[in-house]
file input.txt (compact mmCIF, C-alpha atoms)
# COMPACT_ATOMS: atom_id res chain seq x y z
CA MET A 28 -49.22 28.17 -40.74
CA THR A 29 -49.70 24.48 -40.39
CA SER A 30 -46.08 23.86 -41.29
CA SER A 31 -44.90 26.37 -38.70
CA THR A 32 -47.07 24.79 -36.01
CA ARG A 33 -45.77 21.34 -36.82
CA SER A 34 -42.22 22.62 -36.69
CA GLY A 35 -42.82 24.13 -33.26
CA LYS A 36 -44.28 20.88 -31.97
CA SER A 37 -41.36 18.96 -33.38
CA GLN A 38 -38.91 21.25 -31.61
CA ARG A 39 -40.76 20.89 -28.30
CA ARG A 40 -40.73 17.11 -28.64
CA ASN A 41 -36.96 17.15 -29.28
CA GLN A 42 -36.13 19.24 -26.22
CA PRO A 43 -36.79 16.45 -23.63
CA THR A 44 -34.90 14.04 -25.87
CA ARG A 45 -31.86 16.32 -25.83
CA SER A 46 -32.15 16.73 -22.06
CA PHE A 47 -32.16 12.96 -21.53
CA LYS A 48 -29.18 12.62 -23.85
CA MET A 49 -27.25 15.22 -21.87
CA PHE A 50 -28.23 13.50 -18.60
CA TYR A 51 -26.99 10.11 -19.76
CA LEU A 52 -23.84 11.63 -21.22
CA GLY A 53 -23.17 13.18 -17.83
CA LEU A 54 -23.65 9.85 -16.08
CA GLY A 55 -21.33 8.20 -18.58
CA LEU A 56 -18.66 10.83 -17.98
CA ILE A 57 -18.87 10.31 -14.22
CA ALA A 58 -18.55 6.54 -14.68
CA VAL A 59 -15.53 6.94 -16.95
CA LEU A 60 -13.85 9.28 -14.48
CA GLY A 61 -14.52 6.84 -11.64
CA ILE A 62 -13.09 3.90 -13.57
CA GLY A 63 -10.16 6.07 -14.59
CA PHE A 64 -9.35 6.89 -10.96
CA VAL A 65 -9.40 3.20 -9.98
CA LEU A 66 -7.18 2.29 -12.92
CA PHE A 67 -4.86 5.20 -12.06
CA GLN A 68 -4.40 3.81 -8.56
CA ALA A 69 -3.89 0.32 -9.95
CA LEU A 70 -1.39 1.33 -12.60
CA SER A 71 0.42 4.22 -10.90
CA LYS A 72 3.09 2.07 -9.37
CA PRO A 73 6.64 1.08 -10.25
CA ALA A 74 6.92 -1.42 -13.08
CA SER A 75 9.21 -3.80 -11.20
CA VAL A 76 6.62 -6.41 -10.24
CA SER A 77 8.17 -9.45 -11.91
CA ASN A 78 9.70 -10.89 -8.72
CA THR A 79 7.02 -13.38 -7.74
CA GLY A 80 9.29 -15.97 -6.11
CA PRO A 81 9.29 -16.71 -2.37
CA MET A 82 11.00 -14.37 0.03
CA PRO A 83 14.38 -15.61 1.29
CA ASN A 84 14.36 -17.09 4.77
CA GLN A 85 15.01 -14.25 7.18
CA ALA A 86 16.63 -14.93 10.50
CA GLY A 87 15.54 -13.01 13.57
CA LEU A 88 16.11 -9.31 13.18
CA ASN A 89 19.05 -8.10 15.25
CA ALA A 90 17.94 -4.49 15.58
CA PRO A 91 15.63 -2.39 17.75
CA VAL A 92 11.94 -2.42 16.79
CA GLY A 93 9.03 -0.37 18.05
CA LYS A 94 6.65 2.44 17.14
CA THR A 95 7.45 6.00 16.17
CA ASP A 96 5.94 8.96 17.99
CA ASP A 97 3.24 9.10 15.30
CA ASN A 98 2.38 5.41 15.82
CA TYR A 99 4.08 3.57 12.94
CA TRP A 100 6.21 0.46 13.32
CA TYR A 101 9.93 0.81 12.72
CA LYS A 102 13.03 -1.38 12.67
CA GLY A 103 16.49 0.00 13.29
CA LYS A 104 17.99 2.45 15.73
CA PRO A 105 15.89 5.60 16.23
CA ASP A 106 19.11 7.65 16.01
CA ALA A 107 20.22 6.04 12.73
CA PRO A 108 21.61 8.68 10.35
CA VAL A 109 19.15 7.80 7.56
CA LYS A 110 15.36 7.40 7.77
CA VAL A 111 13.59 5.23 5.20
CA GLU A 112 9.81 5.60 5.03
CA ILE A 113 7.89 2.96 3.09
CA TYR A 114 4.24 3.56 2.17
CA ALA A 115 2.81 0.25 1.08
CA ASP A 116 -0.20 -2.06 0.76
CA TYR A 117 0.06 -5.77 1.61
CA GLU A 118 -1.94 -6.70 -1.49
CA CYS A 119 0.10 -4.56 -3.88
CA PRO A 120 2.28 -6.77 -6.17
CA ALA A 121 4.93 -4.06 -6.55
CA CYS A 122 5.13 -3.72 -2.76
CA ARG A 123 5.77 -7.44 -2.54
CA SER A 124 8.53 -7.14 -5.15
CA LEU A 125 10.11 -4.37 -3.08
CA GLU A 126 10.13 -6.55 0.04
CA VAL A 127 11.44 -9.62 -1.79
CA GLU A 128 14.24 -7.70 -3.50
CA LEU A 129 15.31 -6.00 -0.27
CA ALA A 130 15.40 -9.39 1.47
CA GLN A 131 17.44 -10.89 -1.37
CA ALA A 132 19.89 -8.00 -1.15
CA ASN A 133 20.13 -8.41 2.65
CA PHE A 134 19.13 -4.79 3.16
CA ASP A 135 18.36 -5.34 6.85
CA GLY A 136 21.73 -6.94 7.48
CA LEU A 137 23.66 -4.25 5.63
CA TYR A 138 21.77 -1.16 6.74
CA VAL A 139 19.27 -1.78 9.55
CA GLU A 140 21.28 -4.09 11.80
CA THR A 141 24.44 -2.02 11.32
CA GLY A 142 22.70 1.13 12.52
CA LYS A 143 22.97 2.94 9.19
CA ALA A 144 19.24 3.20 8.52
CA GLN A 145 15.93 3.05 10.29
CA VAL A 146 12.98 1.72 8.28
CA ILE A 147 9.47 3.00 9.06
CA PHE A 148 6.47 1.21 7.55
CA ARG A 149 3.47 3.42 6.81
CA GLU A 150 0.28 1.67 5.73
CA PHE A 151 -1.41 2.92 2.56
CA PRO A 152 -4.13 0.34 1.77
CA LEU A 153 -5.64 0.98 -1.67
CA LYS A 154 -9.05 -0.24 -0.62
CA THR A 155 -10.78 0.62 -3.90
CA ILE A 156 -8.78 -2.00 -5.80
CA HIS A 157 -7.50 -4.40 -3.13
CA LYS A 158 -10.23 -6.20 -1.20
CA SER A 159 -7.91 -7.50 1.55
CA ALA A 160 -5.71 -4.42 1.94
CA GLN A 161 -7.48 -3.14 5.05
CA LEU A 162 -7.73 -6.59 6.65
CA THR A 163 -4.05 -7.45 6.20
CA ALA A 164 -2.94 -4.05 7.49
CA GLU A 165 -5.02 -4.58 10.63
CA ILE A 166 -3.70 -8.14 11.03
CA ALA A 167 -0.10 -6.91 11.01
CA ARG A 168 -0.97 -4.32 13.65
CA CYS A 169 -2.69 -6.96 15.77
CA ALA A 170 0.42 -9.14 15.46
CA GLY A 171 2.38 -6.23 16.86
CA ASP A 172 0.55 -6.77 20.14
CA GLN A 173 2.33 -10.15 20.24
CA ASN A 174 5.68 -8.50 19.38
CA LEU A 175 5.42 -10.07 15.94
CA PHE A 176 4.75 -7.13 13.64
CA TRP A 177 7.78 -7.64 11.40
CA PRO A 178 7.57 -11.46 11.14
CA ILE A 179 3.87 -11.22 10.21
CA HIS A 180 4.63 -8.28 7.90
CA ASN A 181 7.06 -10.54 6.03
CA ALA A 182 4.67 -13.51 6.08
CA LEU A 183 1.84 -11.46 4.56
CA PHE A 184 4.00 -10.32 1.67
CA ASP A 185 5.53 -13.79 1.22
CA SER A 186 2.09 -15.46 0.96
CA GLN A 187 0.49 -12.67 -1.10
CA THR A 188 0.67 -14.62 -4.36
CA GLN A 189 -1.60 -17.29 -2.82
CA TRP A 190 -4.23 -15.33 -0.90
CA ALA A 191 -4.56 -12.30 -3.19
CA LYS A 192 -6.02 -14.48 -5.95
CA SER A 193 -8.30 -16.47 -3.67
CA LEU A 194 -12.08 -16.05 -3.54
CA GLY A 195 -11.86 -16.56 0.22
CA PRO A 196 -8.53 -14.97 1.10
CA LYS A 197 -9.03 -14.67 4.86
CA THR A 198 -8.58 -18.42 5.42
CA GLN A 199 -5.25 -18.44 3.59
CA ILE A 200 -4.14 -15.20 5.22
CA MET A 201 -4.82 -16.54 8.70
CA ALA A 202 -3.07 -19.82 7.89
CA ALA A 203 0.06 -17.89 6.85
CA VAL A 204 -0.15 -15.76 10.00
CA GLU A 205 -0.44 -18.82 12.21
CA GLN A 206 2.42 -20.56 10.44
CA ALA A 207 4.59 -17.50 11.07
CA GLY A 208 4.08 -17.94 14.82
CA ALA A 209 1.19 -15.66 15.78
CA ASP A 210 -1.65 -16.74 18.05
CA ARG A 211 -4.52 -17.02 15.58
CA GLN A 212 -7.26 -16.66 18.16
CA GLN A 213 -5.77 -13.46 19.52
CA ILE A 214 -5.43 -12.05 16.00
CA GLU A 215 -9.04 -12.90 15.15
CA SER A 216 -10.31 -11.37 18.39
CA CYS A 217 -8.31 -8.23 17.67
CA ILE A 218 -9.80 -8.01 14.15
CA GLU A 219 -13.36 -8.62 15.33
CA ALA A 220 -13.01 -5.89 17.94
CA GLY A 221 -11.80 -3.44 15.29
CA THR A 222 -8.84 -2.59 17.50
CA TYR A 223 -6.77 -1.08 14.71
CA THR A 224 -9.43 -0.12 12.15
CA GLY A 225 -9.21 3.55 13.07
CA VAL A 226 -5.41 3.44 13.11
CA ILE A 227 -5.27 2.09 9.56
CA ASN A 228 -7.90 4.55 8.38
CA ASP A 229 -5.79 7.36 9.85
CA ALA A 230 -2.69 5.98 8.12
CA TYR A 231 -4.53 5.96 4.79
CA ASP A 232 -5.74 9.53 5.33
CA ALA A 233 -2.21 10.64 6.21
CA ALA A 234 -0.88 9.20 2.94
CA VAL A 235 -3.61 10.94 0.95
CA GLU A 236 -2.91 14.19 2.78
CA ARG A 237 0.71 13.83 1.70
CA GLN A 238 -0.71 13.62 -1.84
CA LEU A 239 0.60 10.13 -2.47
CA GLN A 240 -1.00 8.25 -5.36
CA GLN A 241 0.84 4.95 -5.64
CA THR A 242 2.32 2.06 -3.74
CA PRO A 243 5.03 1.53 -2.91
CA THR A 244 6.18 5.08 -2.33
CA VAL A 245 9.49 5.38 -0.51
CA PHE A 246 11.20 8.39 1.03
CA VAL A 247 14.83 8.56 2.16
CA ASP A 248 15.33 11.42 4.59
CA GLY A 249 12.16 13.02 3.23
CA GLN A 250 13.19 12.76 -0.42
CA GLN A 251 11.05 10.50 -2.62
CA VAL A 252 12.90 7.69 -4.37
CA ASN A 253 12.29 7.31 -8.10
CA PHE A 254 12.34 3.60 -8.92
CA GLU A 255 13.32 3.39 -12.58
CA THR A 256 15.23 0.11 -12.25
CA ASP A 257 15.27 -2.60 -9.59
CA PHE A 258 14.03 -1.70 -6.13
CA ALA A 259 16.93 -2.87 -3.98
CA LYS A 260 19.76 -1.30 -5.98
CA THR A 261 17.90 2.01 -6.30
CA LEU A 262 17.04 2.21 -2.60
CA MET A 263 20.51 1.20 -1.44
CA THR A 264 22.03 3.85 -3.72
CA ALA A 265 19.66 6.46 -2.27
CA VAL A 266 20.56 5.48 1.29
CA ASP A 267 24.29 5.48 0.54
CA ALA A 268 23.99 9.00 -0.86
CA LYS A 269 22.56 10.22 2.46
CA LEU A 270 25.04 8.45 4.73
CA PRO A 271 27.93 10.34 6.27
CA ALA A 272 31.19 9.56 4.50
CA SER A 273 32.52 7.62 7.49
CA SER A 274 29.50 5.29 7.45
CA ASN A 275 30.18 3.99 3.96
CA ASN A 276 33.47 2.41 4.93
call {"tool": "encode", "arguments": {"input": "input.txt", "output": "structure tokens"}}
result
Amino acid sequence: MTSSTRSGKSQRRNQPTRSFKMFYLGLGLIAVLGIGFVLFQALSKPASVSNTGPMPNQAGLNAPVGKTDDNYWYKGKPDAPVKVEIYADYECPACRSLEVELAQANFDGLYVETGKAQVIFREFPLKTIHKSAQLTAEIARCAGDQNLFWPIHNALFDSQTQWAKSLGPKTQIMAAVEQAGADRQQIESCIEAGTYTGVINDAYDAAVERQLQQTPTVFVDGQQVNFETDFAKTLMTAVDAKLPASSNN
């Protein structure tokens, strides 16, 4: 009788202990899943991120620039036979490698300025892992008000290796923007007013709605490009495959 009573008390004492264990195990699982998602975003990107050198000097772009009907900046003729959509984040190292390699291969000169392709840049700032992704995306948009979207776009990627590792990146970012020819005071006023915060948030949401999970993600005429080797060669091959036969001559 006494033994049975003691056993019952022991079981009752163990029940709260088990409940607490299950509670903490649940919290641990949630934490692991959260960390896993962040790491998935960080690692789910093409492996070609070794190109950390400076971007080649790019002369003024000799092609039409503007915004698409859905409010994204483009370069190249709107009636170009091939559309290239680039989803990217200014703080993403692989996105920088893409831009550097395309500049080295003179992609703009061969495809954009010749009317073969139109490039559309779609912001996809991975804000959970890149602290300056939102800021830099808004800065580029603000620069567009000065007709300097593409020069500042290039300057942000070119200087990424300096500001992305800084504890106070905004100072270095703004210095690069000013050096590239933008009016710093106008940019800062634009940022403080939150002029393009909603636009960038909408761009992020649009990328998520398209079920994208990595940067850069590139589409050529709606078909996603699989970057297994170097960026420039792969993209140029994809564009060539979509061009009319007469355009490849």
call {"tool": "residues_around", "arguments": {"input": "input.txt", "residues": "Thr244 (chain A)", "least_positions_apart": "4", "cutoff": "7 Å", "atoms": "all atoms listed in the file", "output": "compact mmCIF listing (two decimals) with C-alpha atoms, in the coordinates of the input"}}
result
# COMPACT_ATOMS: atom_id res chain seq x y z
CA ILE A 113 7.89 2.96 3.09
CA TYR A 114 4.24 3.56 2.17
CA ALA A 115 2.81 0.25 1.08
call {"tool": "closest_atom_pairs", "arguments": {"input": "input.txt", "of": "region 112-229 of chain A", "to": "region 251-259 of chain A", "cutoff": "10 Å", "atoms": "only C-alpha atoms", "output": "CSV"}}
result
residue,atom,partner,partner_atom,distance
A:Glu112,CA,A:Gln251,CA,9.2
A:Ile113,CA,A:Gln251,CA,10.0
A:Ala121,CA,A:Phe258,CA,9.4
A:Cys122,CA,A:Phe258,CA,9.7
A:Ser124,CA,A:Phe258,CA,7.8
A:Leu125,CA,A:Phe258,CA,5.6
A:Glu126,CA,A:Ala259,CA,8.7
A:Val127,CA,A:Ala259,CA,9.0
A:Glu128,CA,A:Ala259,CA,5.5
A:Leu129,CA,A:Ala259,CA,5.1
A:Ala130,CA,A:Ala259,CA,8.6
A:Gln131,CA,A:Ala259,CA,8.4
A:Ala132,CA,A:Ala259,CA,6.6
A:Asn133,CA,A:Ala259,CA,9.2
A:Phe134,CA,A:Ala259,CA,7.7
call {"tool": "closest_residue", "arguments": {"input": "input.txt", "among": "A:Gly249, A:Gly136, A:Pro271, A:Gly171", "to": "Tyr101 (chain A)", "atoms": "all atoms listed in the file"}}
result
A:Gly171
call {"tool": "closest_residue", "arguments": {"input": "input.txt", "among": "A:Val226, A:Leu239, A:Met82, A:Ala209", "to": "Phe176 (chain A)", "atoms": "only C-alpha atoms"}}
result
A:Ala209
call {"tool": "atom_distance", "arguments": {"input": "input.txt", "atom1": "CA of Ala107 (chain A)", "atom2": "CA of Gly87 (chain A)"}}
result
19.6 Å
call {"tool": "atom_distance", "arguments": {"input": "input.txt", "atom1": "CA of Met263 (chain A)", "atom2": "CA of Glu150 (chain A)"}}
result
21.5 Å
call {"tool": "residues_around", "arguments": {"input": "input.txt", "residues": "Ala191 (chain A)", "least_positions_apart": "3", "cutoff": "10 Å", "atoms": "all atoms listed in the file", "output": "count of residues only"}}
result
17
call {"tool": "closest_residue", "arguments": {"input": "input.txt", "among": "A:Val109, A:Leu183, A:Leu88, A:Ala144", "to": "Arg123 (chain A)", "atoms": "only C-alpha atoms"}}
result
A:Leu183
call {"tool": "residues_near_point", "arguments": {"input": "input.txt", "point": "(15.7, 9.8, 9.9)", "cutoff": "8 Å", "atoms": "all atoms listed in the file", "output": "number ranges by chain"}}
result
A: 105-111, 144-145, 247-248
call {"tool": "atom_distance", "arguments": {"input": "input.txt", "atom1": "CA of Leu262 (chain A)", "atom2": "CA of Trp190 (chain A)"}}
result
27.6 Å
call {"tool": "closest_residue", "arguments": {"input": "input.txt", "among": "A:Cys169, A:Val245, A:Leu162, A:Ala86", "to": "Thr261 (chain A)", "atoms": "only C-alpha atoms"}}
result
A:Val245
call {"tool": "closest_residue", "arguments": {"input": "input.txt", "among": "A:Phe184, A:Leu175, A:Ala203, A:Phe151", "to": "Gln238 (chain A)", "atoms": "all atoms listed in the file"}}
result
A:Phe151
